[in-house]
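Report on the structure given below.
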2 protein chains.
Amino acid sequence: MSEFPTRLEVEDLHQNLLEVQGKLARKSESAELRATLDKLHPADVAYVLEALPLEERQLIWNLVKAEREGEILLELADAVRESLIATMDTKELVAAAETLEADEIADLAPDLPEQVVQDVIRALPQEERVLLRAALSYDEGTVGALMDFDQITVREDATLEAATRTLRSLDELPAHTDQLFVVDRVERLAGTLPLARLIVSDLTRLVAEVMVPESVKLRPEDRAEDAAQAFERYDLASAPVVDLITGRLVGRVTVNAVMDHIREKSAETQLAEAGLSKGEDVFAPVWNSFKNRWAWLAANLVTAFIASRVIGAFEGSIGKLVALAALMPIVAGIGGNSGNQTITMIVRALALGQIQASYWAKLISKELGVATLNGVVWGGLLGFATYLLYGNVALGGVMALAMLLNLLLAAGMGVAIPYLRARFGRDPAVGSSVLITACTDSGGFFIFLGLATLFLL
Amino acid sequence: MSEFPTRLEVEDLHQNLLEVQGKLARKSESAELRATLDKLHPADVAYVLEALPLEERQLIWNLVKAEREGEILLELADAVRESLIATMDTKELVAAAETLEADEIADLAPDLPEQVVQDVIRALPQEERVLLRAALSYDEGTVGALMDFDQITVREDATLEAATRTLRSLDELPAHTDQLFVVDRVERLAGTLPLARLIVSDLTRLVAEVMVPESVKLRPEDRAEDAAQAFERYDLASAPVVDLITGRLVGRVTVNAVMDHIREKSAETQLAEAGLSKGEDVFAPVWNSFKNRWAWLAANLVTAFIASRVIGAFEGSIGKLVALAALMPIVAGIGGNSGNQTITMIVRALALGQIQASYWAKLISKELGVATLNGVVWGGLLGFATYLLYGNVALGGVMALAMLLNLLLAAGMGVAIPYLRARFGRDPAVGSSVLITACTDSGGFFIFLGLATLFLL
């Protein structure tokens, strides 16, 4: 249970921001602003910070109570979190981190200076220190990184009454406790006991009789994405994490951690596809934005330059028939669009595990079929438009044929690129759009200008 | 609780598919295949169906038990679901739908023939029929469409002991019951009683004393996206849905429904950005794929055609200096890439509510700053490369200046397009990539060829 009153209505979120902005604009007393912030949920303070430009953001951050800084940092978007951490000194950062639990500190750790992490580890009690070391040892994108240590365990040979007594002694259960984890004498997971089942069962029965013996088990090394798919498929609220060798329970993953992961991943994908290395603070300084964007622009410039040299090789042909210059971007463009459709569909199906090795041939023949249909329809249309514009039948024919061939190239590469990348163990999604566009641009110019040189000049 | 044994390990999912494929390949007895399918979770059967080509998929579908068809259809990706529904007759579909709960039937309804929906409504008991009518009345993308009716209510003046007795009389609680909803005499929501709090409290106390009085309330008309953000922010497992006017509890939303929604939305966005109208069955017939993709290709052809006419207007200049033809795609391309970076960042910040009306001026000046920096760096580089290639200082200068200007155009339009679309109540995300590319292509050709005509010829 949160100690802060949660919102009554969704719109209140925006209201909070306006209230803070209003007080900032009226230059209200700090005490008044601080009071407003104190009654907000950490996630809502994070939202307000993200929506404020740098100067106002820093003003508000200075008013946040020291003991809440940790939980608010956790809720912030990466780029904004970094900007605030950069303004804090080691002492402040250590104090903020110490208010958090081991798995939360581990989430924050990559953004903290090494010195701060060491200081925090030293300051923790022994038991927490072990957990933090464990949490820090898991790579991002694994179940270990999603895991927390708030699981409640019961012994299988206890009665439900004894289990209930144990729970009552805790006063309040950890957030997101929907089930207890049943372990044997040596802490090996034997099953799970959902609270909903505990409540409706006769208290004299044994845990072992009432528990769900077969449940989804995760391992710390599993990919977070696989865990997310398991949560979605089986509609889980929490799942135990078990050490593969010993069978011991090491932690649990909650659906809320999974949901955060899904959101982050989908944001990352969307940003990566548009060529942003990571989430950008809307109010970031120009230089930070430049750094976040330059790699993609540079990659595209290289491919555009290559395409330009392909055209350069045909300058003689263009000099004789200038219409070629006006028509060639159409051929290249449509190939790029169509190739991106193919590659997006295939990358997605690969991520969902829907493409088996035996079906690649089926896939490529289907994509070539779609490309042929597109080529006949759009190539025919544009070929005819070309004839109308320039009164040159042969030019129209070359246009139509070039479009068909470039669409076939796009389909072929749209299947081949993700296939080869997956085959060699790379993430098929990364940079697929740059690669396919490079093929269809240079390829499109080459096909069109080559055909024109062969047949028209 | 599911009646099917859930998987022990995540990898088993792929194993299931291989097992089914193996049996298909060995032409095993139907009975044996059916037995394999029967022991799979509905989501796993759905996975197997999605990963099989059309013929094999139909074979497997025919082996699925009639009473499981409904729950499996629910789990399938839209495109695959449609393909299977198309093969079923009215009687089969009605039987499948009748096995589902009202909110699930409503989820399926858009894909069912009107006749089937009418038959199902008629066949339902009165109470279920009212719920189904209600569920059908909510638009996709609203909280009403995410909602289910499995909430358990308790009266605020009951004791915890009485509440517990009520629960026991239910034998098993509905899936995802993490809290009870506390209502007054006229069914108005008074608060919520988390199971975790019920279990640790003294049973002689009153519900009203133990409940959480202030909780997040949703309304059926709220946007599903806002609800998803509330679940994320406040780490909810379920939330009550309340009628705005009467204050009565009408249903609940669970985190699992929210997670499905988030996944679907993010998939849709990703597909839409690549120009696919909706999720595509990898094994779809060529014609279906063509229909799913043509609109985007047509839109891009129109913009490419316009860009081509812009070039056509400068054919005289190109005839005199053919190098222009080779260089112009670089100017257009880099503008498109850079514009897409800007627009993606802004559309995302808008969706998260991070951009306030008062900060647009700040934003545009930042983006123009980034564009200027990009223009100086990349324009300078390419201008110099142009000079080296063609030995023409003026041409290099025109190249550099054109790149700078097109990047500024891209930044301006990258802010202006989402601003205007949001201003006029449209979704800023839809089609933003086509629009910005249209501007930077035609704009880039015009700027470059225009400058060249002015200064070089």
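Numbering starts fresh at 1 for the residues of each chain in the structure tokens, the chains themselves are lettered A, B, ... in the order given, and ligands are numbered from 1 as they appear.
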Could you fit chain B onto chain A by least squares over every C-alpha atom, paired in order, and give me the moved chain as a compact mmCIF listing (two decimals) with C-alpha atoms, in the first residue's frame?
# COMPACT_ATOMS: atom_id res chain seq x y z
CA MET B 1 0.08 0.06 0.01
CA SER B 2 1.30 3.51 -0.85
CA GLU B 3 1.56 6.03 1.92
CA PHE B 4 0.44 8.77 -0.45
CA PRO B 5 -3.17 9.27 -1.39
CA THR B 6 -3.52 7.91 -4.89
CA ARG B 7 -5.38 9.88 -7.51
CA LEU B 8 -9.09 9.65 -7.75
CA GLU B 9 -9.30 10.32 -11.44
CA VAL B 10 -6.80 9.96 -14.24
CA GLU B 11 -7.08 13.64 -15.24
CA ASP B 12 -5.65 14.69 -11.90
CA LEU B 13 -2.21 13.95 -13.25
CA HIS B 14 -2.30 16.90 -15.60
CA GLN B 15 -3.89 18.98 -12.85
CA ASN B 16 -0.85 18.40 -10.61
CA LEU B 17 1.44 19.75 -13.26
CA LEU B 18 -0.68 22.85 -13.80
CA GLU B 19 -0.78 23.46 -10.06
CA VAL B 20 3.01 23.26 -9.76
CA GLN B 21 3.47 25.44 -12.84
CA GLY B 22 1.01 27.96 -11.50
CA LYS B 23 2.85 28.22 -8.22
CA LEU B 24 6.16 28.50 -10.04
CA ALA B 25 4.79 31.29 -12.20
CA ARG B 26 3.39 33.18 -9.22
CA LYS B 27 6.72 32.69 -7.45
CA SER B 28 4.93 31.11 -4.50
CA GLU B 29 6.71 30.46 -1.25
CA SER B 30 8.94 27.38 -1.33
CA ALA B 31 7.07 25.97 1.63
CA GLU B 32 3.82 26.06 -0.29
CA LEU B 33 5.34 24.38 -3.35
CA ARG B 34 6.98 21.80 -1.14
CA ALA B 35 3.64 20.99 0.46
CA THR B 36 2.12 20.44 -2.99
CA LEU B 37 4.95 18.10 -3.94
CA ASP B 38 4.82 16.17 -0.68
CA LYS B 39 1.28 15.07 -1.25
CA LEU B 40 2.01 13.70 -4.73
CA HIS B 41 2.80 10.06 -5.49
CA PRO B 42 6.48 9.63 -6.51
CA ALA B 43 5.38 8.74 -10.06
CA ASP B 44 3.45 12.00 -10.24
CA VAL B 45 6.41 14.05 -9.08
CA ALA B 46 8.44 12.27 -11.78
CA TYR B 47 5.82 13.25 -14.36
CA VAL B 48 5.94 16.89 -13.27
CA LEU B 49 9.75 16.91 -13.46
CA GLU B 50 9.74 15.37 -16.96
CA ALA B 51 7.30 17.96 -18.25
CA LEU B 52 9.27 20.98 -16.99
CA PRO B 53 12.15 22.72 -18.81
CA LEU B 54 15.61 22.38 -17.27
CA GLU B 55 15.61 25.46 -15.05
CA GLU B 56 12.17 24.93 -13.54
CA ARG B 57 12.91 21.22 -13.20
CA GLN B 58 15.99 21.93 -11.09
CA LEU B 59 14.03 24.34 -8.93
CA ILE B 60 11.40 21.71 -8.18
CA TRP B 61 13.99 18.97 -7.65
CA ASN B 62 15.68 21.07 -4.96
CA LEU B 63 12.37 21.23 -3.11
CA VAL B 64 11.86 17.45 -3.03
CA LYS B 65 12.46 15.90 0.38
CA ALA B 66 15.76 14.05 0.55
CA GLU B 67 14.15 10.78 1.62
CA ARG B 68 11.89 10.77 -1.42
CA GLU B 69 14.62 11.42 -4.00
CA GLY B 70 15.42 7.71 -4.41
CA GLU B 71 11.91 6.57 -5.22
CA ILE B 72 11.35 9.51 -7.56
CA LEU B 73 14.61 8.86 -9.46
CA LEU B 74 13.38 5.29 -10.01
CA GLU B 75 10.22 6.55 -11.71
CA LEU B 76 11.92 9.04 -14.02
CA ALA B 77 12.67 8.50 -17.70
CA ASP B 78 16.36 7.64 -18.19
CA ALA B 79 17.38 10.88 -19.85
CA VAL B 80 15.74 13.06 -17.19
CA ARG B 81 17.13 10.90 -14.40
CA GLU B 82 20.64 11.32 -15.76
CA SER B 83 20.25 15.08 -15.93
CA LEU B 84 19.21 15.24 -12.25
CA ILE B 85 21.85 12.77 -11.04
CA ALA B 86 24.47 14.95 -12.71
CA THR B 87 23.50 17.81 -10.39
CA MET B 88 23.74 15.77 -7.16
CA ASP B 89 26.90 15.16 -5.14
CA THR B 90 28.08 11.77 -3.85
CA LYS B 91 26.63 12.24 -0.38
CA GLU B 92 23.17 13.13 -1.68
CA LEU B 93 23.20 10.21 -4.10
CA VAL B 94 24.26 7.70 -1.44
CA ALA B 95 21.52 8.98 0.87
CA ALA B 96 18.93 8.71 -1.90
CA ALA B 97 19.99 5.18 -2.87
CA GLU B 98 19.97 3.97 0.72
CA THR B 99 16.24 4.58 0.98
CA LEU B 100 15.65 1.94 -1.68
CA GLU B 101 15.50 -1.84 -1.68
CA ALA B 102 18.29 -3.95 -3.13
CA ASP B 103 16.58 -4.65 -6.47
CA GLU B 104 15.72 -0.97 -6.87
CA ILE B 105 19.28 0.15 -6.15
CA ALA B 106 20.41 -2.30 -8.83
CA ASP B 107 18.02 -0.67 -11.32
CA LEU B 108 19.50 2.72 -10.55
CA ALA B 109 23.14 1.58 -10.43
CA PRO B 110 24.02 1.92 -14.16
CA ASP B 111 23.29 5.66 -13.93
CA LEU B 112 25.22 6.22 -10.68
CA PRO B 113 28.94 7.06 -10.41
CA GLU B 114 30.98 3.96 -9.44
CA GLN B 115 32.00 5.64 -6.17
CA VAL B 116 28.37 6.03 -5.12
CA VAL B 117 27.59 2.36 -5.81
CA GLN B 118 30.60 1.28 -3.72
CA ASP B 119 29.59 3.58 -0.84
CA VAL B 120 26.03 2.26 -0.89
CA ILE B 121 27.20 -1.36 -0.87
CA ARG B 122 29.42 -0.65 2.12
CA ALA B 123 26.65 1.12 4.03
CA LEU B 124 24.11 -1.70 3.66
CA PRO B 125 23.48 -4.39 6.29
CA GLN B 126 25.07 -7.75 5.43
CA GLU B 127 21.87 -9.43 4.23
CA GLU B 128 20.86 -6.56 1.92
CA ARG B 129 24.41 -6.38 0.61
CA VAL B 130 24.26 -10.01 -0.55
CA LEU B 131 20.98 -9.33 -2.35
CA LEU B 132 22.33 -6.17 -3.98
CA ARG B 133 25.47 -7.98 -5.20
CA ALA B 134 23.22 -10.68 -6.66
CA ALA B 135 20.92 -8.12 -8.28
CA LEU B 136 23.88 -6.24 -9.76
CA SER B 137 25.25 -9.44 -11.29
CA TYR B 138 22.36 -9.89 -13.75
CA ASP B 139 22.50 -8.37 -17.20
CA GLU B 140 19.87 -5.94 -18.38
CA GLY B 141 17.22 -7.74 -20.34
CA THR B 142 17.29 -10.84 -18.13
CA VAL B 143 14.77 -12.08 -15.59
CA GLY B 144 17.38 -11.41 -12.89
CA ALA B 145 17.15 -7.70 -13.65
CA LEU B 146 13.33 -7.72 -13.34
CA MET B 147 13.32 -9.71 -10.12
CA ASP B 148 12.67 -8.45 -6.60
CA PHE B 149 13.26 -10.13 -3.25
CA ASP B 150 9.92 -9.48 -1.58
CA GLN B 151 8.66 -13.06 -1.84
CA ILE B 152 7.05 -14.60 1.23
CA THR B 153 7.78 -18.27 1.67
CA VAL B 154 5.89 -20.94 3.62
CA ARG B 155 6.89 -24.52 4.32
CA GLU B 156 4.89 -27.22 2.59
CA ASP B 157 4.35 -29.15 5.84
CA ALA B 158 2.79 -26.16 7.64
CA THR B 159 -0.95 -25.87 8.16
CA LEU B 160 -2.83 -23.02 6.54
CA GLU B 161 -3.51 -21.74 10.02
CA ALA B 162 0.22 -21.53 10.76
CA ALA B 163 0.78 -19.86 7.38
CA THR B 164 -1.90 -17.29 8.17
CA ARG B 165 -0.33 -16.64 11.56
CA THR B 166 3.02 -16.00 9.92
CA LEU B 167 1.39 -13.50 7.59
CA ARG B 168 -0.33 -11.68 10.46
CA SER B 169 2.99 -11.33 12.24
CA LEU B 170 4.18 -9.32 9.23
CA ASP B 171 1.61 -6.60 9.88
CA GLU B 172 1.55 -5.64 6.20
CA LEU B 173 2.41 -7.82 3.21
CA PRO B 174 4.89 -6.57 0.60
CA ALA B 175 3.29 -4.83 -2.36
CA HIS B 176 2.02 -7.15 -5.11
CA THR B 177 1.80 -10.21 -2.91
CA ASP B 178 -0.77 -12.31 -4.72
CA GLN B 179 0.70 -15.67 -3.76
CA LEU B 180 3.05 -17.25 -1.27
CA PHE B 181 5.90 -19.45 -2.41
CA VAL B 182 5.96 -22.93 -0.94
CA VAL B 183 9.41 -24.36 -0.23
CA ASP B 184 10.75 -27.59 1.22
CA ARG B 185 13.32 -27.99 4.00
CA VAL B 186 16.20 -26.85 1.80
CA GLU B 187 14.42 -23.84 0.26
CA ARG B 188 13.63 -25.62 -2.98
CA LEU B 189 10.42 -24.41 -4.61
CA ALA B 190 7.62 -26.95 -4.20
CA GLY B 191 4.69 -24.87 -5.45
CA THR B 192 2.75 -21.69 -4.91
CA LEU B 193 -0.13 -20.80 -2.64
CA PRO B 194 -2.31 -18.03 -4.09
CA LEU B 195 -3.84 -15.77 -1.42
CA ALA B 196 -7.18 -16.25 -3.17
CA ARG B 197 -6.90 -19.97 -2.50
CA LEU B 198 -5.63 -19.54 1.05
CA ILE B 199 -8.62 -17.39 1.94
CA VAL B 200 -11.24 -19.82 0.72
CA SER B 201 -9.63 -22.96 2.18
CA ASP B 202 -10.13 -24.76 5.46
CA LEU B 203 -7.38 -23.54 7.82
CA THR B 204 -6.71 -26.97 9.26
CA ARG B 205 -5.42 -28.28 5.95
CA LEU B 206 -1.75 -28.51 5.04
CA VAL B 207 -0.07 -26.07 2.65
CA ALA B 208 1.07 -29.01 0.52
CA GLU B 209 -2.55 -30.11 -0.04
CA VAL B 210 -3.82 -26.70 -1.10
CA MET B 211 -0.87 -25.31 -3.05
CA VAL B 212 -0.59 -25.25 -6.86
CA PRO B 213 2.26 -27.69 -7.42
CA GLU B 214 2.95 -26.93 -11.07
CA SER B 215 3.55 -23.29 -11.76
CA VAL B 216 5.54 -21.26 -14.22
CA LYS B 217 9.12 -21.06 -13.00
CA LEU B 218 11.59 -18.54 -14.29
CA ARG B 219 15.36 -18.63 -14.06
CA PRO B 220 17.49 -15.55 -13.47
CA GLU B 221 19.26 -16.10 -16.80
CA ASP B 222 16.03 -16.29 -18.86
CA ARG B 223 15.43 -13.45 -21.28
CA ALA B 224 13.11 -10.81 -19.81
CA GLU B 225 11.19 -10.90 -23.09
CA ASP B 226 10.45 -14.62 -22.65
CA ALA B 227 9.24 -13.95 -19.13
CA ALA B 228 7.01 -11.17 -20.44
CA GLN B 229 5.51 -13.54 -22.98
CA ALA B 230 4.86 -16.10 -20.22
CA PHE B 231 3.10 -13.44 -18.10
CA GLU B 232 0.96 -12.50 -21.07
CA ARG B 233 0.11 -16.02 -22.13
CA TYR B 234 -0.75 -17.38 -18.73
CA ASP B 235 -2.10 -14.14 -17.25
CA LEU B 236 0.27 -14.25 -14.29
CA ALA B 237 0.41 -11.72 -11.48
CA SER B 238 3.74 -12.94 -10.10
CA ALA B 239 6.12 -15.82 -10.77
CA PRO B 240 8.90 -17.47 -8.79
CA VAL B 241 12.52 -17.22 -9.93
CA VAL B 242 14.46 -20.40 -9.28
CA ASP B 243 18.12 -21.32 -9.48
CA LEU B 244 18.51 -23.87 -12.25
CA ILE B 245 21.01 -26.13 -10.48
CA THR B 246 19.88 -26.12 -6.86
CA GLY B 247 16.17 -25.63 -7.51
CA ARG B 248 16.12 -22.98 -4.78
CA LEU B 249 13.84 -19.97 -4.82
CA VAL B 250 15.93 -16.83 -5.37
CA GLY B 251 13.29 -14.15 -5.93
CA ARG B 252 10.09 -13.32 -7.75
CA VAL B 253 8.95 -11.27 -10.70
CA THR B 254 5.71 -9.27 -10.52
CA VAL B 255 3.47 -8.31 -13.39
CA ASN B 256 4.13 -4.64 -12.64
CA ALA B 257 7.87 -5.09 -13.24
CA VAL B 258 7.00 -6.92 -16.46
CA MET B 259 4.69 -4.15 -17.60
CA ASP B 260 7.38 -1.52 -17.02
CA HIS B 261 9.77 -3.67 -19.02
CA ILE B 262 7.32 -4.00 -21.91
CA ARG B 263 6.73 -0.25 -22.02
CA GLU B 264 10.42 0.52 -21.96
CA LYS B 265 11.18 -2.00 -24.66
CA SER B 266 8.43 -0.78 -26.93
CA ALA B 267 9.57 2.81 -26.47
CA GLU B 268 13.15 1.81 -27.25
CA THR B 269 12.10 -0.02 -30.40
CA GLN B 270 10.06 2.92 -31.59
CA LEU B 271 12.92 5.35 -30.94
CA ALA B 272 15.52 3.07 -32.47
CA GLU B 273 13.44 2.74 -35.63
CA ALA B 274 13.45 6.51 -36.02
CA GLY B 275 17.20 6.64 -35.37
CA LEU B 276 17.32 7.88 -31.79
CA SER B 277 19.85 5.94 -29.68
CA LYS B 278 17.71 6.29 -26.58
CA GLY B 279 14.82 8.16 -25.05
CA GLU B 280 15.45 11.88 -25.26
CA ASP B 281 14.60 14.50 -22.70
CA VAL B 282 12.39 16.91 -24.69
CA PHE B 283 14.17 19.78 -23.01
CA ALA B 284 17.67 18.35 -23.44
CA PRO B 285 20.42 20.79 -24.43
CA VAL B 286 21.13 20.89 -28.17
CA TRP B 287 24.45 19.11 -27.74
CA ASN B 288 22.87 16.11 -25.93
CA SER B 289 20.28 15.77 -28.66
CA PHE B 290 22.97 15.93 -31.31
CA LYS B 291 24.87 13.09 -29.63
CA ASN B 292 21.71 11.01 -29.39
CA ARG B 293 21.01 11.37 -33.10
CA TRP B 294 24.28 11.61 -34.96
CA ALA B 295 25.03 7.88 -35.38
CA TRP B 296 21.90 7.20 -37.41
CA LEU B 297 22.35 10.30 -39.55
CA ALA B 298 25.96 9.32 -40.24
CA ALA B 299 24.92 5.78 -41.22
CA ASN B 300 22.27 7.16 -43.55
CA LEU B 301 24.68 9.67 -45.05
CA VAL B 302 27.06 6.85 -45.92
CA THR B 303 24.34 4.87 -47.67
CA ALA B 304 23.04 8.01 -49.40
CA PHE B 305 26.56 8.76 -50.55
CA ILE B 306 26.92 5.27 -52.02
CA ALA B 307 23.59 5.66 -53.80
CA SER B 308 24.82 8.99 -55.11
CA ARG B 309 27.92 7.31 -56.56
CA VAL B 310 25.69 4.77 -58.29
CA ILE B 311 23.89 7.66 -59.96
CA GLY B 312 27.25 9.30 -60.67
CA ALA B 313 28.24 6.25 -62.72
CA PHE B 314 25.30 6.95 -65.03
CA GLU B 315 25.83 10.70 -65.42
CA GLY B 316 26.41 10.17 -69.13
CA SER B 317 22.98 8.58 -69.54
CA ILE B 318 21.28 11.28 -67.50
CA GLY B 319 23.01 13.94 -69.59
CA LYS B 320 21.42 12.42 -72.68
CA LEU B 321 17.95 11.92 -71.18
CA VAL B 322 17.32 14.30 -68.27
CA ALA B 323 13.88 12.82 -67.53
CA LEU B 324 15.74 9.93 -65.88
CA ALA B 325 16.81 12.23 -63.04
CA ALA B 326 13.21 13.13 -62.25
CA LEU B 327 11.94 9.56 -62.41
CA MET B 328 14.65 7.65 -60.54
CA PRO B 329 13.67 8.72 -56.99
CA ILE B 330 10.21 7.17 -57.49
CA VAL B 331 11.72 3.78 -58.25
CA ALA B 332 14.05 3.95 -55.25
CA GLY B 333 11.40 5.28 -52.88
CA ILE B 334 8.70 2.71 -53.55
CA GLY B 335 11.27 -0.06 -53.14
CA GLY B 336 12.27 1.31 -49.76
CA ASN B 337 8.68 1.56 -48.54
CA SER B 338 7.77 -1.89 -49.68
CA GLY B 339 10.98 -3.41 -48.26
CA ASN B 340 10.29 -1.80 -44.90
CA GLN B 341 6.82 -3.34 -44.84
CA THR B 342 8.24 -6.81 -45.47
CA ILE B 343 11.09 -6.52 -43.01
CA THR B 344 8.86 -5.12 -40.23
CA MET B 345 6.40 -7.97 -40.57
CA ILE B 346 9.14 -10.59 -40.55
CA VAL B 347 11.10 -9.08 -37.66
CA ARG B 348 7.91 -9.03 -35.62
CA ALA B 349 6.99 -12.62 -36.45
CA LEU B 350 10.55 -13.68 -35.58
CA ALA B 351 10.34 -11.94 -32.19
CA LEU B 352 7.09 -13.82 -31.47
CA GLY B 353 8.71 -17.10 -32.49
CA GLN B 354 6.21 -17.58 -35.30
CA ILE B 355 8.69 -18.46 -38.03
CA GLN B 356 10.04 -22.00 -38.10
CA ALA B 357 13.19 -22.89 -40.04
CA SER B 358 11.17 -25.05 -42.41
CA TYR B 359 8.94 -22.20 -43.58
CA TRP B 360 11.43 -19.66 -44.92
CA ALA B 361 10.92 -20.89 -48.48
CA LYS B 362 7.16 -20.44 -48.11
CA LEU B 363 7.72 -16.94 -46.78
CA ILE B 364 10.00 -15.77 -49.53
CA SER B 365 7.72 -17.06 -52.24
CA LYS B 366 4.78 -15.27 -50.61
CA GLU B 367 6.71 -12.00 -50.40
CA LEU B 368 7.85 -12.31 -54.00
CA GLY B 369 4.21 -12.87 -54.91
CA VAL B 370 3.12 -9.69 -53.12
CA ALA B 371 6.00 -7.81 -54.79
CA THR B 372 4.98 -9.06 -58.23
CA LEU B 373 1.42 -7.94 -57.67
CA ASN B 374 2.62 -4.54 -56.40
CA GLY B 375 5.01 -4.27 -59.31
CA VAL B 376 2.33 -4.98 -61.89
CA VAL B 377 -0.16 -2.57 -60.29
CA TRP B 378 2.07 0.37 -59.36
CA GLY B 379 4.68 -0.20 -62.02
CA GLY B 380 1.92 -0.31 -64.63
CA LEU B 381 0.34 2.85 -63.27
CA LEU B 382 3.59 4.81 -63.08
CA GLY B 383 4.77 3.46 -66.41
CA PHE B 384 1.59 4.77 -67.99
CA ALA B 385 1.93 8.15 -66.19
CA THR B 386 5.50 8.37 -67.47
CA TYR B 387 4.31 7.71 -71.03
CA LEU B 388 1.67 10.43 -70.67
CA LEU B 389 4.17 12.93 -69.25
CA TYR B 390 7.04 12.36 -71.64
CA GLY B 391 5.22 10.83 -74.62
CA ASN B 392 7.89 8.10 -74.72
CA VAL B 393 6.58 4.51 -74.72
CA ALA B 394 9.99 2.94 -74.16
CA LEU B 395 10.65 5.20 -71.17
CA GLY B 396 7.29 4.16 -69.70
CA GLY B 397 8.20 0.51 -70.21
CA VAL B 398 11.60 0.94 -68.53
CA MET B 399 9.91 2.72 -65.62
CA ALA B 400 7.39 -0.12 -65.13
CA LEU B 401 10.01 -2.85 -65.43
CA ALA B 402 12.42 -1.06 -63.05
CA MET B 403 9.68 -0.69 -60.43
CA LEU B 404 8.81 -4.36 -60.66
CA LEU B 405 12.45 -5.43 -60.36
CA ASN B 406 13.17 -3.10 -57.45
CA LEU B 407 10.08 -4.36 -55.60
CA LEU B 408 11.30 -7.92 -56.09
CA LEU B 409 14.72 -6.89 -54.79
CA ALA B 410 13.03 -5.25 -51.79
CA ALA B 411 11.01 -8.40 -51.03
CA GLY B 412 14.07 -10.64 -51.34
CA MET B 413 16.24 -8.45 -49.13
CA GLY B 414 13.31 -7.87 -46.73
CA VAL B 415 13.30 -11.60 -46.03
CA ALA B 416 17.04 -12.21 -46.41
CA ILE B 417 18.28 -9.48 -44.03
CA PRO B 418 16.35 -10.62 -40.93
CA TYR B 419 16.96 -14.27 -41.84
CA LEU B 420 20.72 -13.80 -42.02
CA ARG B 421 20.87 -11.62 -38.93
CA ALA B 422 18.86 -14.11 -36.89
CA ARG B 423 20.98 -16.92 -38.33
CA PHE B 424 24.17 -15.29 -37.10
CA GLY B 425 22.74 -14.56 -33.68
CA ARG B 426 22.16 -10.82 -34.13
CA ASP B 427 19.00 -8.99 -33.20
CA PRO B 428 17.11 -8.89 -36.51
CA ALA B 429 15.43 -5.60 -35.57
CA VAL B 430 18.46 -3.38 -35.09
CA GLY B 431 19.24 -1.21 -38.08
CA SER B 432 17.06 -3.26 -40.41
CA SER B 433 15.49 -0.12 -41.83
CA VAL B 434 18.87 1.45 -42.76
CA LEU B 435 20.00 -1.79 -44.39
CA ILE B 436 16.91 -2.34 -46.49
CA THR B 437 16.77 1.30 -47.58
CA ALA B 438 20.43 1.16 -48.59
CA CYS B 439 19.68 -1.87 -50.81
CA THR B 440 16.57 -0.43 -52.41
CA ASP B 441 18.08 3.03 -52.99
CA SER B 442 21.32 1.97 -54.62
CA GLY B 443 19.57 -1.03 -56.18
CA GLY B 444 16.70 1.06 -57.49
CA PHE B 445 18.98 3.67 -59.08
CA PHE B 446 21.14 0.95 -60.60
CA ILE B 447 18.22 -1.02 -62.00
CA PHE B 448 16.43 2.00 -63.44
CA LEU B 449 19.46 3.79 -64.87
CA GLY B 450 20.95 0.51 -66.06
CA LEU B 451 17.78 -0.50 -67.92
CA ALA B 452 17.50 3.00 -69.37
CA THR B 453 21.10 2.87 -70.62
CA LEU B 454 20.50 -0.55 -72.16
CA PHE B 455 17.19 0.12 -73.85
CA LEU B 456 16.85 3.86 -74.42
CA LEU B 457 20.24 5.24 -75.38
Item to complete: Looking only at helix (DSSP H, G or I) from DSSP on the backbone, list the matching residues of region 137-237 of chain B as a ChimeraX atom specification.
Response: /B:143-146,160-169,195-200,207-210,224-234
